[in-house]
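To start, the structure itself, in structure tokens.
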Amino acid sequence: MNVQASSDRVLLGRYLSGDRSAISQLIERHSRRVRDYIRMLVKDRDVAEDIFQETFIKAVRVIDEGRYADNGKFLSWILRIAHNQVIDHFRARRQNKTLTEAEAGFDVLGTLRLAEKTVEDDLVARQTECDVRALIELLPPEQREVVMMRYFAGASFKEIAEQTGVSINTALGRMRYALINLRRMIKEKNLVLC
């Protein structure tokens with residue numbers, strides 16, 4: 001077990017024993033990494049700060065309710081919460097978005113575009129995204145993280161390397177193996193992705 005995981009465990013134990021300052025130390029220890037990760041995904045400092053606060057509020061609530069199982073991977077756990085909070089943010093933003101005329105399917109002349117998407121196109125796109133996300137969940141954690149950061153968060157390989165604490169070559173290698181594994185799973189499951 002590494003020293004940081006051990007000291008995270010000690011701080012959690014102190015917090016659960018009534019030392020309220022221990023949780024502040026734990027949050028402070030990981031705040032930069034979590035804040036940077038969120039900023040990289042949302043690319044808006046104010047929104048990132050809100051999500052950062054929500055992340056640690058949720059984490060403390062889970063710990064207080066006794067639902068956190070300490071396995072020596074506190075940072076990974078807190079980054080997963082942050083990731084889920086970012087996803088929730090984008091979902092909420094997408095639901096509250098107002099459409100412009102162009103987005104609604106009208107051009108400057110007020111006519112409908114000739115190549116409108118059909119309901120079938122939307123269904124196929126949603127099913128394809130669902131299938132791809134299900135396959136991504138089957139990847140090893142390191143590969144899944146790189147794919148999620150690259151394709152769903154738009155991070156560069158340099159940013160991925162910095163956020164995951166590996167070299168750029170390692171990040172590229174993980175992406176390569178992830179793509180190989182995804183192709184293999186698509187072939188094994190006889191999926192047709194449009």
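Each chain of the structure tokens is named A, B, ... in the order shown, its residues numbered from 1; ligands are numbered from 1 in display order.
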**Request:** Using only C-alpha atoms, determine which residues lie at most 9 Å from Leu182 of chain A, disregarding the query and same-chain residues fewer than 5 positions distant; provide the list as number ranges by chain.
**Result:** A: 132, 135-136, 138-139, 177, 187
**Message:** Which residue is closest to Met40 of chain A? Choose from A:His83, A:Arg174, A:Arg133, A:Arg14 and count only C-alpha atoms.
**Reply:** A:His83
**Message:** Give me the residues near Ala59 of chain A as a VMD selection string, where near means some atom within 9 Å (using only C-alpha atoms) and where sequence neighbours in that chain fewer than 2 positions away do not count.
**Reply:** chain A and resid 54 to 57 61 to 64 68 77 to 78 81
Output the selection as a short mmCIF file (atom, residue, chain, number, x, y, z; two decimals), in the first residue's frame - C-alpha atoms for each residue.
```cif
data_model
loop_
_atom_site.label_atom_id
_atom_site.label_comp_id
_atom_site.auth_asym_id
_atom_site.auth_seq_id
_atom_site.Cartn_x
_atom_site.Cartn_y
_atom_site.Cartn_z
CA GLU A 54 -20.79 19.59 -5.00
CA THR A 55 -18.29 16.76 -5.38
CA PHE A 56 -16.90 17.08 -1.87
CA ILE A 57 -20.33 17.73 -0.33
CA ARG A 61 -22.42 12.84 2.81
CA VAL A 62 -21.58 9.31 1.59
CA ILE A 63 -18.85 8.98 4.23
CA ASP A 64 -21.19 10.26 6.98
CA TYR A 68 -17.88 4.59 1.70
CA TRP A 77 -13.27 7.39 -5.73
CA ILE A 78 -13.44 11.17 -5.44
CA ILE A 81 -17.76 11.37 -8.07
#
```
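The nearest approach to Asn169 of chain A among the residues A:Asn71, A:Arg80, A:Arg33, A:Phe157, with only C-alpha atoms taken into account, belongs to A:Phe157.
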**Asked** Of the residues A:Val10, A:Ala161, A:Ala178, A:Val86, which is the one nearest to Asp44 of chain A, using only C-alpha atoms?
**Response** A:Val86
